[in-house]
$ cat my_file-v4.tsv   # TSV, C-alpha atoms (C1' of nucleotides)
chain	number	residue	atom	x	y	z
A	13	MET	CA	12.39	7.24	-5.79
A	14	ILE	CA	10.48	4.32	-4.32
A	15	GLU	CA	9.07	6.52	-1.58
A	16	ILE	CA	7.94	9.05	-4.14
A	17	PHE	CA	6.09	6.42	-6.14
A	18	LYS	CA	4.49	5.06	-2.99
A	19	ALA	CA	3.34	8.51	-2.04
A	20	LEU	CA	1.86	9.01	-5.50
A	21	GLY	CA	0.17	5.62	-5.65
A	22	ASP	CA	-2.97	6.73	-3.86
A	23	GLU	CA	-5.99	8.41	-5.35
A	24	ASN	CA	-6.58	10.88	-2.54
A	25	ARG	CA	-2.99	12.03	-2.54
A	26	LEU	CA	-3.00	12.47	-6.31
A	27	ARG	CA	-6.20	14.48	-6.01
A	28	ILE	CA	-4.54	16.69	-3.43
A	29	LEU	CA	-1.45	17.12	-5.54
A	30	ASN	CA	-3.53	17.97	-8.58
A	31	ILE	CA	-4.79	21.02	-6.74
A	32	LEU	CA	-1.57	21.95	-4.98
A	33	LYS	CA	0.32	21.72	-8.23
A	34	ASN	CA	-1.24	25.01	-9.20
A	35	TYR	CA	-2.58	26.54	-6.02
A	36	GLU	CA	-1.83	27.00	-2.37
A	37	LEU	CA	-4.56	25.79	0.01
A	38	CYS	CA	-5.12	25.22	3.67
A	39	VAL	CA	-6.38	21.93	5.04
A	40	CYS	CA	-9.95	23.05	5.61
A	41	GLU	CA	-10.26	24.09	1.99
A	42	LEU	CA	-9.03	20.75	0.74
A	43	GLU	CA	-11.59	19.04	2.95
A	44	VAL	CA	-14.39	20.91	1.23
A	45	ILE	CA	-13.08	20.72	-2.32
A	46	LEU	CA	-12.27	17.02	-2.22
A	47	GLU	CA	-14.93	16.08	0.33
A	48	ILE	CA	-12.59	14.11	2.53
A	49	SER	CA	-12.41	14.09	6.32
A	50	GLN	CA	-10.12	16.37	8.29
A	51	SER	CA	-7.96	13.60	9.67
A	52	ASN	CA	-7.68	12.00	6.28
A	53	ALA	CA	-6.67	15.22	4.60
A	54	SER	CA	-4.11	15.93	7.29
A	55	ARG	CA	-2.62	12.48	7.08
A	56	HIS	CA	-2.26	12.47	3.30
A	57	LEU	CA	-0.74	15.92	3.38
A	58	ALA	CA	1.74	14.71	5.97
A	59	LYS	CA	2.75	11.85	3.72
A	60	LEU	CA	3.29	14.09	0.71
A	61	LYS	CA	5.25	16.46	2.89
A	62	ASN	CA	7.40	13.73	4.40
A	63	VAL	CA	8.74	12.71	1.02
A	64	GLY	CA	9.37	16.31	0.03
A	65	ILE	CA	6.72	16.76	-2.65
A	66	ILE	CA	4.90	19.54	-0.86
A	67	THR	CA	5.75	22.06	1.83
A	68	ALA	CA	3.70	23.67	4.56
A	69	SER	CA	3.64	27.23	5.79
A	70	LYS	CA	1.90	28.16	8.97
A	71	ASP	CA	-0.32	31.22	9.00
A	72	GLY	CA	-1.74	31.58	12.48
A	73	GLN	CA	-3.89	28.61	13.22
A	74	TRP	CA	-4.08	27.78	9.54
A	75	VAL	CA	-1.55	25.75	7.63
A	76	HIS	CA	-1.12	26.35	3.94
A	77	TYR	CA	0.24	23.63	1.72
A	78	GLN	CA	1.91	24.11	-1.61
A	79	LEU	CA	3.96	22.20	-4.13
A	80	SER	CA	7.61	22.23	-3.13
A	81	LYS	CA	9.44	24.47	-5.58
A	82	LYS	CA	12.65	22.64	-4.89
A	83	PHE	CA	11.02	19.30	-5.68
A	84	ALA	CA	9.38	20.62	-8.82
A	85	GLU	CA	12.66	22.10	-9.97
A	86	LYS	CA	14.59	18.90	-9.36
A	87	ASN	CA	11.99	16.60	-10.88
A	88	LYS	CA	10.65	18.33	-13.93
A	89	PRO	CA	10.01	15.16	-15.92
A	90	LEU	CA	7.89	13.73	-13.14
A	91	LEU	CA	5.88	16.94	-12.90
A	92	GLU	CA	5.38	16.83	-16.63
A	93	TYR	CA	4.11	13.28	-16.44
A	94	LEU	CA	1.75	14.22	-13.62
A	95	GLU	CA	0.38	17.16	-15.54
A	96	ALA	CA	-0.39	14.97	-18.54
A	97	GLY	CA	-2.09	12.43	-16.31
A	98	PHE	CA	-4.16	15.04	-14.52
A	99	GLN	CA	-5.36	16.59	-17.73
A	100	SER	CA	-6.61	13.38	-19.19
A	101	ASN	CA	-8.71	12.34	-16.22
A	102	GLU	CA	-12.21	13.44	-15.34
A	103	ILE	CA	-11.77	13.12	-11.58
A	104	PHE	CA	-8.87	15.53	-11.52
A	105	GLU	CA	-10.51	17.92	-13.93
A	106	ASN	CA	-13.63	17.95	-11.80
A	107	ASP	CA	-11.64	18.63	-8.63
A	108	LEU	CA	-9.84	21.52	-10.25
A	109	ASN	CA	-13.15	22.86	-11.46
A	110	ARG	CA	-14.51	22.68	-7.93
A	111	TYR	CA	-11.57	24.58	-6.60
A	112	VAL	CA	-11.88	27.34	-9.18
A	113	ILE	CA	-15.55	27.73	-8.31
A	114	TYR	CA	-14.62	28.12	-4.66
A	115	LYS	CA	-11.75	30.48	-5.37
A	116	ASP	CA	-13.92	32.73	-7.53
A	117	SER	CA	-16.64	32.85	-4.89
A	118	GLU	CA	-16.94	35.09	-1.88
A	119	TYR	CA	-16.14	32.20	0.45
A	120	ASN	CA	-12.96	31.61	2.42
A	121	CYS	CA	-11.60	29.63	5.39
A	122	GLN	CA	-13.72	31.67	7.78
A	123	THR	CA	-16.86	30.90	5.83
A	124	ILE	CA	-16.00	27.23	5.89
A	125	THR	CA	-15.62	27.40	9.67
A	126	ASN	CA	-18.95	29.13	10.07
A	127	ASP	CA	-20.93	26.91	7.72
A	128	LYS	CA	-19.06	24.17	5.96
A	129	ASP	CA	-22.25	22.72	4.49
A	130	LEU	CA	-23.13	25.99	2.84
A	131	VAL	CA	-19.84	26.12	0.96
A	132	THR	CA	-20.00	22.47	0.02
A	133	LYS	CA	-23.50	22.86	-1.36
A	134	TYR	CA	-22.55	25.97	-3.28
A	135	ILE	CA	-19.69	24.15	-4.97
A	136	ASP	CA	-21.85	21.10	-5.68
A	137	LEU	CA	-24.51	23.25	-7.28
A	138	LYS	CA	-22.16	25.36	-9.39
A	139	SER	CA	-20.17	22.37	-10.54
A	140	GLY	CA	-23.32	20.82	-11.96
A	141	GLY	CA	-24.92	18.65	-9.37
A	142	ILE	CA	-23.70	16.18	-6.82
A	143	ASP	CA	-20.08	15.25	-7.00
A	144	ASN	CA	-19.21	11.95	-8.61
A	145	GLU	CA	-22.13	11.90	-10.94
B	26	MET	CA	-1.93	7.00	-13.77
B	27	ILE	CA	-2.72	5.74	-10.29
B	28	GLU	CA	-2.19	2.17	-11.38
B	29	ILE	CA	1.15	3.09	-12.89
B	30	PHE	CA	2.34	4.67	-9.67
B	31	LYS	CA	1.13	1.69	-7.68
B	32	ALA	CA	3.02	-0.63	-9.98
B	33	LEU	CA	6.17	1.45	-9.57
B	34	GLY	CA	5.88	1.76	-5.79
B	35	ASP	CA	7.63	-1.51	-5.04
B	36	GLU	CA	11.33	-2.13	-4.82
B	37	ASN	CA	11.34	-5.47	-6.59
B	38	ARG	CA	9.34	-4.14	-9.50
B	39	LEU	CA	11.61	-1.13	-9.85
B	40	ARG	CA	14.62	-3.42	-9.80
B	41	ILE	CA	13.05	-5.48	-12.56
B	42	LEU	CA	12.22	-2.41	-14.60
B	43	ASN	CA	15.73	-1.07	-14.15
B	44	ILE	CA	17.01	-4.08	-16.06
B	45	LEU	CA	14.20	-4.35	-18.58
B	46	LYS	CA	14.55	-0.68	-19.40
B	47	ASN	CA	17.68	-1.57	-21.31
B	48	TYR	CA	17.60	-5.30	-21.87
B	49	GLU	CA	15.29	-8.15	-22.69
B	50	LEU	CA	15.36	-11.04	-20.22
B	51	CYS	CA	13.49	-14.20	-19.43
B	52	VAL	CA	12.12	-14.97	-16.00
B	53	CYS	CA	14.83	-17.41	-14.98
B	54	GLU	CA	17.50	-14.81	-15.69
B	55	LEU	CA	15.78	-12.22	-13.54
B	56	GLU	CA	15.61	-14.75	-10.73
B	57	VAL	CA	19.38	-15.14	-10.78
B	58	ILE	CA	20.31	-11.50	-11.32
B	59	LEU	CA	17.99	-10.12	-8.65
B	60	GLU	CA	18.04	-13.20	-6.43
B	61	ILE	CA	14.30	-13.41	-6.07
B	62	SER	CA	12.11	-16.50	-6.16
B	63	GLN	CA	10.47	-17.78	-9.30
B	64	SER	CA	6.93	-17.13	-8.14
B	65	ASN	CA	7.85	-13.67	-6.97
B	66	ALA	CA	9.53	-12.75	-10.22
B	67	SER	CA	6.57	-14.03	-12.18
B	68	ARG	CA	4.11	-12.16	-10.01
B	69	HIS	CA	5.88	-8.82	-10.29
B	70	LEU	CA	6.32	-9.22	-14.00
B	71	ALA	CA	2.61	-9.90	-14.34
B	72	LYS	CA	1.83	-6.70	-12.47
B	73	LEU	CA	4.10	-4.60	-14.64
B	74	LYS	CA	2.62	-6.23	-17.71
B	75	ASN	CA	-0.97	-5.71	-16.59
B	76	VAL	CA	-0.54	-1.96	-16.46
B	77	GLY	CA	1.21	-1.90	-19.80
B	78	ILE	CA	4.73	-0.99	-18.73
B	79	ILE	CA	6.32	-4.15	-20.10
B	80	THR	CA	5.40	-6.75	-22.68
B	81	ALA	CA	6.09	-10.45	-22.94
B	82	SER	CA	7.10	-12.55	-25.89
B	83	LYS	CA	6.99	-16.29	-25.73
B	84	ASP	CA	9.89	-18.27	-27.09
B	85	GLY	CA	9.20	-21.94	-26.63
B	86	GLN	CA	8.91	-22.64	-22.94
B	87	TRP	CA	10.72	-19.41	-22.17
B	88	VAL	CA	9.06	-16.02	-21.83
B	89	HIS	CA	11.05	-12.92	-22.57
B	90	TYR	CA	10.07	-9.65	-21.01
B	91	GLN	CA	10.93	-6.22	-22.31
B	92	LEU	CA	9.98	-2.61	-21.81
B	93	SER	CA	6.87	-1.78	-23.82
B	94	LYS	CA	7.96	0.45	-26.69
B	95	LYS	CA	4.49	1.90	-26.87
B	96	PHE	CA	4.51	2.78	-23.20
B	97	ALA	CA	7.99	4.28	-23.38
B	98	GLU	CA	6.99	6.30	-26.41
B	99	LYS	CA	3.85	7.63	-24.78
B	100	ASN	CA	5.43	8.37	-21.42
B	101	LYS	CA	8.83	9.81	-22.13
B	102	PRO	CA	8.90	12.11	-19.11
B	103	LEU	CA	8.23	9.21	-16.77
B	104	LEU	CA	10.97	7.17	-18.37
B	105	GLU	CA	13.31	10.10	-18.00
B	106	TYR	CA	12.47	10.39	-14.32
B	107	LEU	CA	13.04	6.68	-13.84
B	108	GLU	CA	16.39	6.81	-15.56
B	109	ALA	CA	17.55	9.59	-13.27
B	110	GLY	CA	16.37	7.67	-10.24
B	111	PHE	CA	18.04	4.47	-11.32
B	112	GLN	CA	21.36	6.16	-11.97
B	113	SER	CA	21.56	7.75	-8.57
B	114	ASN	CA	20.94	4.60	-6.59
B	115	GLU	CA	23.42	1.94	-5.63
B	116	ILE	CA	20.94	-0.92	-5.61
B	117	PHE	CA	19.96	-0.36	-9.23
B	118	GLU	CA	23.53	0.22	-10.32
B	119	ASN	CA	24.56	-3.00	-8.65
B	120	ASP	CA	21.75	-4.96	-10.31
B	121	LEU	CA	22.71	-3.62	-13.72
B	122	ASN	CA	26.30	-4.53	-13.05
B	123	ARG	CA	25.25	-8.06	-12.17
B	124	TYR	CA	23.32	-8.38	-15.39
B	125	VAL	CA	26.22	-7.17	-17.49
B	126	ILE	CA	28.51	-9.70	-15.83
B	127	TYR	CA	26.03	-12.44	-16.68
B	128	LYS	CA	25.48	-11.22	-20.22
B	129	ASP	CA	29.21	-11.08	-20.92
B	130	SER	CA	29.74	-14.57	-19.56
B	131	GLU	CA	29.33	-17.90	-21.30
B	132	TYR	CA	26.17	-18.61	-19.31
B	133	ASN	CA	22.59	-18.64	-20.52
B	134	CYS	CA	19.13	-19.92	-19.62
B	135	GLN	CA	20.23	-23.51	-20.18
B	136	THR	CA	23.15	-23.07	-17.81
B	137	ILE	CA	20.81	-21.64	-15.22
B	138	THR	CA	18.57	-24.68	-15.56
B	139	ASN	CA	21.49	-27.07	-15.21
B	140	ASP	CA	23.15	-25.35	-12.27
B	141	LYS	CA	21.56	-22.18	-10.98
B	142	ASP	CA	23.92	-22.00	-8.04
B	143	LEU	CA	26.95	-22.00	-10.31
B	144	VAL	CA	25.72	-18.96	-12.20
B	145	THR	CA	24.69	-17.15	-9.03
B	146	LYS	CA	28.08	-17.73	-7.46
B	147	TYR	CA	29.88	-16.61	-10.60
B	148	ILE	CA	27.96	-13.34	-10.59
B	149	ASP	CA	28.46	-12.84	-6.87
B	150	LEU	CA	32.17	-13.37	-7.23
B	151	LYS	CA	32.64	-11.14	-10.27
B	152	SER	CA	30.51	-8.37	-8.81
B	153	GLY	CA	32.78	-8.17	-5.79
B	154	GLY	CA	31.51	-10.48	-3.14
B	155	ILE	CA	28.14	-11.32	-1.77
B	156	ASP	CA	25.25	-9.22	-2.93
B	157	ASN	CA	24.01	-6.51	-0.60
B	158	GLU	CA	27.30	-5.94	1.12
C	1	DT	C1'	-6.50	32.46	31.82
C	2	DT	C1'	-10.33	30.28	29.39
C	3	DA	C1'	-13.00	29.03	25.34
C	4	DA	C1'	-12.99	28.18	20.55
C	5	DT	C1'	-10.78	26.47	16.55
C	6	DA	C1'	-7.21	24.37	12.97
C	7	DT	C1'	-4.48	20.79	12.48
C	8	DA	C1'	-2.02	16.63	13.96
C	9	DT	C1'	-1.85	12.24	16.00
C	10	DG	C1'	-3.26	7.73	18.38
C	11	DA	C1'	-6.08	3.47	18.65
C	12	DG	C1'	-8.68	0.16	16.44
C	13	DT	C1'	-10.40	-1.95	12.37
C	14	DA	C1'	-10.88	-3.16	7.54
C	15	DT	C1'	-8.69	-3.76	3.33
C	16	DA	C1'	-4.89	-4.59	0.35
C	17	DA	C1'	-0.09	-5.98	-0.83
C	18	DT	C1'	3.70	-9.17	-0.43
C	19	DC	C1'	5.79	-13.52	0.09
C	20	DG	C1'	6.89	-18.62	0.31
C	21	DA	C1'	5.34	-23.06	-0.65
C	22	DA	C1'	2.68	-25.92	-3.28
C	23	DT	C1'	0.20	-26.79	-7.43
C	24	DA	C1'	-1.44	-25.97	-12.27
C	25	DT	C1'	-0.53	-25.09	-17.13
C	26	DA	C1'	1.89	-25.36	-21.22
C	27	DT	C1'	5.73	-26.44	-23.98
C	28	DG	C1'	9.67	-29.40	-25.57
C	29	DC	C1'	11.73	-33.67	-26.01
C	30	DA	C1'	12.54	-38.78	-25.70
D	15	DT	C1'	2.40	-40.78	-25.29
D	16	DG	C1'	4.87	-39.69	-21.06
D	17	DC	C1'	8.46	-37.06	-18.58
D	18	DA	C1'	10.99	-32.81	-17.67
D	19	DT	C1'	11.00	-27.96	-17.53
D	20	DA	C1'	9.52	-22.72	-17.61
D	21	DT	C1'	6.22	-19.97	-16.10
D	22	DA	C1'	1.75	-18.85	-13.95
D	23	DT	C1'	-1.41	-19.20	-10.30
D	24	DT	C1'	-3.50	-20.46	-5.82
D	25	DC	C1'	-3.48	-20.67	-0.78
D	26	DG	C1'	-2.41	-19.11	3.69
D	27	DA	C1'	0.23	-16.23	6.62
D	28	DT	C1'	2.24	-11.87	7.47
D	29	DT	C1'	2.80	-7.13	6.98
D	30	DA	C1'	1.54	-2.59	5.35
D	31	DT	C1'	-1.85	0.93	4.27
D	32	DA	C1'	-6.01	3.67	4.70
D	33	DC	C1'	-9.93	4.89	7.11
D	34	DT	C1'	-12.98	6.48	11.17
D	35	DC	C1'	-13.51	8.16	15.60
D	36	DA	C1'	-11.58	10.19	19.46
D	37	DT	C1'	-8.14	12.95	21.54
D	38	DA	C1'	-3.95	15.98	21.76
D	39	DT	C1'	-1.54	20.21	20.47
D	40	DA	C1'	-1.18	24.83	19.29
D	41	DT	C1'	-3.02	29.19	18.21
D	42	DT	C1'	-6.43	33.05	18.52
D	43	DA	C1'	-9.21	35.98	20.90
D	44	DA	C1'	-12.18	37.35	24.72
$ encode --input "my_file-v4.tsv" --output "structure tokens"
Amino acid sequence: MIEIFKALGDENRLRILNILKNYELCVCELEVILEISQSNASRHLAKLKNVGIITASKDGQWVHYQLSKKFAEKNKPLLEYLEAGFQSNEIFENDLNRYVIYKDSEYNCQTITNDKDLVTKYIDLKSGGIDNE
Amino acid sequence: MIEIFKALGDENRLRILNILKNYELCVCELEVILEISQSNASRHLAKLKNVGIITASKDGQWVHYQLSKKFAEKNKPLLEYLEAGFQSNEIFENDLNRYVIYKDSEYNCQTITNDKDLVTKYIDLKSGGIDNE
DNA sequence: TTAATATATGAGTATAATCGAATATATGCA
DNA sequence: TGCATATATTCGATTATACTCATATATTAA
């Protein structure tokens, strides 16, 4: 339990989990949605995975992360608490909004590879200006 | 939510909360039950109090700490998760056992003041030897 | 096989958390 | 008032955590 709380006591990891709670993403997508560096994203994902909160599935050179069904099943009250916390916080709502914009667009991992800035700017624009404003 | 997780991501604070979840104790009692220093106990209690998980009530020179009813009411799923975690862990079970031994004894805060070692040794003995063994 | 790419990991640094020891504050009592 | 006591806080040292930049690993595709 302590390790779980430690893993959840970090803003970036909570932001990641907020997305993965509902969707399955690869690392490069999380980089763009949350605007964090590749190594940072990878490291936080590793931490969440190490304590069993999320799982990874490899798809070629891409790695998709998702909420662990086993964990969610075994820890329903915690998931419920997280959901309530996510819903009452602007940061998490904004991140989710950014992801939905991306998901509903024509862009994908390949687009991000080709022109990461393009995708980032598209999301920024559609989500109503620069992030964190 | 982040602050809550940070507050819960520490073994000593979880051990404190494990006791306060069911009982109301003053600082000197927590020192003896958990075998932590006075300044450490006070510090951790302050942290739990600052994020609203516990409350304090002053009784003369003593300060009693208890789980915040408001917090528990507003965060039932979290409390449920904690309870499950506490019950499946030997450390927390042992701490609770130590408190019950103390509570059912003739000792109290005054006894602890007069001879802290006596109370500690009584609990150690009754709980089946030295703590953490 | 070689080049390109997605992700993971290592090294170094900055920041934050924890702890023990000492001190400050506040209350109770003689 | 002056002393003893319960708790809170400060200081300094140590350890842990998070971040950036650089590099390693593994996979794809030419």
$ closest_residue --input "my_file-v4.tsv" --among "B:Asn122, B:Phe30, B:Gln135, B:Glu105" --to "chain D" --atoms "all atoms listed in the file"
B:Gln135
$ atom_distance --input "my_file-v4.tsv" --atom1 "C1' of DT28 (chain D)" --atom2 "C1' of DT18 (chain C)"
8.5 Å
$ closest_residue --input "my_file-v4.tsv" --among "C:DA24, C:DA4, C:DG12, C:DC29" --to "chain A" --atoms "all atoms listed in the file"
C:DA4
$ residues_around --input "my_file-v4.tsv" --residues "Ala68 (chain A)" --least-positions-apart "5" --cutoff "7 Å" --atoms "only C-alpha atoms (C1' of nucleotides)" --output "ChimeraX atom specification"
/A:75-78
$ closest_atom_pairs --input "my_file-v4.tsv" --of "chain B" --to "chain D" --cutoff "8 Å" --atoms "only C-alpha atoms (C1' of nucleotides)" --output "CSV"
residue,atom,partner,partner_atom,distance
B:Val52,CA,D:DT21,C1',7.7
B:Cys53,CA,D:DA20,C1',8.0
B:Ser64,CA,D:DA22,C1',8.0
B:Ser67,CA,D:DA22,C1',7.0
B:Gln86,CA,D:DA20,C1',5.4
B:Trp87,CA,D:DA20,C1',5.8
B:Val88,CA,D:DT21,C1',7.5
$ closest_atom_pairs --input "my_file-v4.tsv" --of "chain C" --to "chain B" --cutoff "12 Å" --atoms "all atoms listed in the file" --output "JSON lines"
{"residue": "C:DA16", "atom": "C1'", "partner": "B:Lys31", "partner_atom": "CA", "distance": 11.8}
{"residue": "C:DA17", "atom": "C1'", "partner": "B:Asp35", "partner_atom": "CA", "distance": 9.9}
{"residue": "C:DT18", "atom": "C1'", "partner": "B:Asn65", "partner_atom": "CA", "distance": 9.0}
{"residue": "C:DC19", "atom": "C1'", "partner": "B:Asn65", "partner_atom": "CA", "distance": 7.4}
{"residue": "C:DG20", "atom": "C1'", "partner": "B:Ser62", "partner_atom": "CA", "distance": 8.6}
{"residue": "C:DA21", "atom": "C1'", "partner": "B:Ser64", "partner_atom": "CA", "distance": 9.7}
{"residue": "C:DA22", "atom": "C1'", "partner": "B:Ser64", "partner_atom": "CA", "distance": 10.9}
{"residue": "C:DT23", "atom": "C1'", "partner": "B:Ser64", "partner_atom": "CA", "distance": 11.8}
{"residue": "C:DT25", "atom": "C1'", "partner": "B:Gln86", "partner_atom": "CA", "distance": 11.4}
{"residue": "C:DA26", "atom": "C1'", "partner": "B:Gln86", "partner_atom": "CA", "distance": 7.7}
{"residue": "C:DT27", "atom": "C1'", "partner": "B:Gln86", "partner_atom": "CA", "distance": 5.1}
{"residue": "C:DG28", "atom": "C1'", "partner": "B:Gln86", "partner_atom": "CA", "distance": 7.3}
{"residue": "C:DC29", "atom": "C1'", "partner": "B:Gln86", "partner_atom": "CA", "distance": 11.8}
$ residues_around --input "my_file-v4.tsv" --residues "Val131 (chain A)" --least-positions-apart "5" --cutoff "9 Å" --atoms "only C-alpha atoms (C1' of nucleotides)" --output "list in words"
Val44, Tyr114, Tyr119, Asn120, Thr123, Ile124 and Asp136 of chain A
$ atom_distance --input "my_file-v4.tsv" --atom1 "CA of Leu94 (chain A)" --atom2 "CA of Thr67 (chain A)"
17.8 Å
$ closest_residue --input "my_file-v4.tsv" --among "B:Ile58, B:Val76, B:Leu39, B:Ala97" --to "chain A" --atoms "only C-alpha atoms"
B:Leu39
$ interface_residues --input "my_file-v4.tsv" --of "chain A" --to "chain B" --cutoff "9 Å" --atoms "only C-alpha atoms" --output "count of residues only"
23
$ atom_distance --input "my_file-v4.tsv" --atom1 "CA of Glu49 (chain B)" --atom2 "CA of Val125 (chain B)"
12.1 Å
$ closest_residue --input "my_file-v4.tsv" --among "B:Ser130, B:Glu108, B:Ile78, B:Glu60" --to "Lys95 (chain B)" --atoms "all atoms listed in the file"
B:Ile78
$ decode --input "my_file-v4.tsv" --residues "region 121-135 of chain B" --atoms "N, CA, C and O atoms" --output "short mmCIF file (atom, residue, chain, number, x, y, z; two decimals), in the first residue's frame"
data_model
loop_
_atom_site.label_atom_id
_atom_site.label_comp_id
_atom_site.auth_asym_id
_atom_site.auth_seq_id
_atom_site.Cartn_x
_atom_site.Cartn_y
_atom_site.Cartn_z
N LEU B 121 -1.67 -2.11 15.95
CA LEU B 121 -3.01 -2.08 16.55
C LEU B 121 -3.05 -2.95 17.79
O LEU B 121 -3.62 -2.57 18.83
N ASN B 122 -2.43 -4.09 17.68
CA ASN B 122 -2.35 -5.01 18.81
C ASN B 122 -1.66 -4.34 20.00
O ASN B 122 -2.13 -4.42 21.14
N ARG B 123 -0.57 -3.65 19.71
CA ARG B 123 0.15 -2.94 20.77
C ARG B 123 -0.74 -1.88 21.42
O ARG B 123 -0.73 -1.70 22.63
N TYR B 124 -1.51 -1.20 20.62
CA TYR B 124 -2.36 -0.17 21.21
C TYR B 124 -3.44 -0.78 22.11
O TYR B 124 -3.71 -0.26 23.19
N VAL B 125 -4.01 -1.87 21.65
CA VAL B 125 -5.06 -2.51 22.45
C VAL B 125 -4.50 -3.00 23.79
O VAL B 125 -5.14 -2.85 24.83
N ILE B 126 -3.30 -3.54 23.75
CA ILE B 126 -2.64 -3.97 24.99
C ILE B 126 -2.51 -2.79 25.95
O ILE B 126 -2.82 -2.88 27.13
N TYR B 127 -2.05 -1.68 25.42
CA TYR B 127 -1.90 -0.46 26.23
C TYR B 127 -3.24 0.00 26.77
O TYR B 127 -3.40 0.28 27.97
N LYS B 128 -4.21 0.07 25.89
CA LYS B 128 -5.54 0.59 26.26
C LYS B 128 -6.18 -0.25 27.36
O LYS B 128 -6.84 0.28 28.25
N ASP B 129 -5.97 -1.57 27.27
CA ASP B 129 -6.58 -2.46 28.25
C ASP B 129 -5.77 -2.57 29.54
O ASP B 129 -6.16 -3.28 30.46
N SER B 130 -4.64 -1.85 29.58
CA SER B 130 -3.82 -1.92 30.78
C SER B 130 -4.24 -0.83 31.75
O SER B 130 -5.18 -0.07 31.48
N GLU B 131 -3.52 -0.74 32.85
CA GLU B 131 -3.80 0.31 33.83
C GLU B 131 -3.06 1.61 33.49
O GLU B 131 -3.21 2.61 34.17
N TYR B 132 -2.26 1.57 32.43
CA TYR B 132 -1.40 2.71 32.11
C TYR B 132 -2.13 3.83 31.37
O TYR B 132 -3.15 3.62 30.73
N ASN B 133 -1.55 5.01 31.47
CA ASN B 133 -2.11 6.18 30.79
C ASN B 133 -1.01 7.21 30.55
O ASN B 133 0.16 6.94 30.81
N CYS B 134 -1.39 8.38 30.08
CA CYS B 134 -0.40 9.41 29.76
C CYS B 134 0.48 9.74 30.96
O CYS B 134 1.69 9.95 30.83
N GLN B 135 -0.12 9.76 32.13
CA GLN B 135 0.65 10.08 33.34
C GLN B 135 1.70 9.01 33.61
O GLN B 135 2.85 9.33 33.95
#
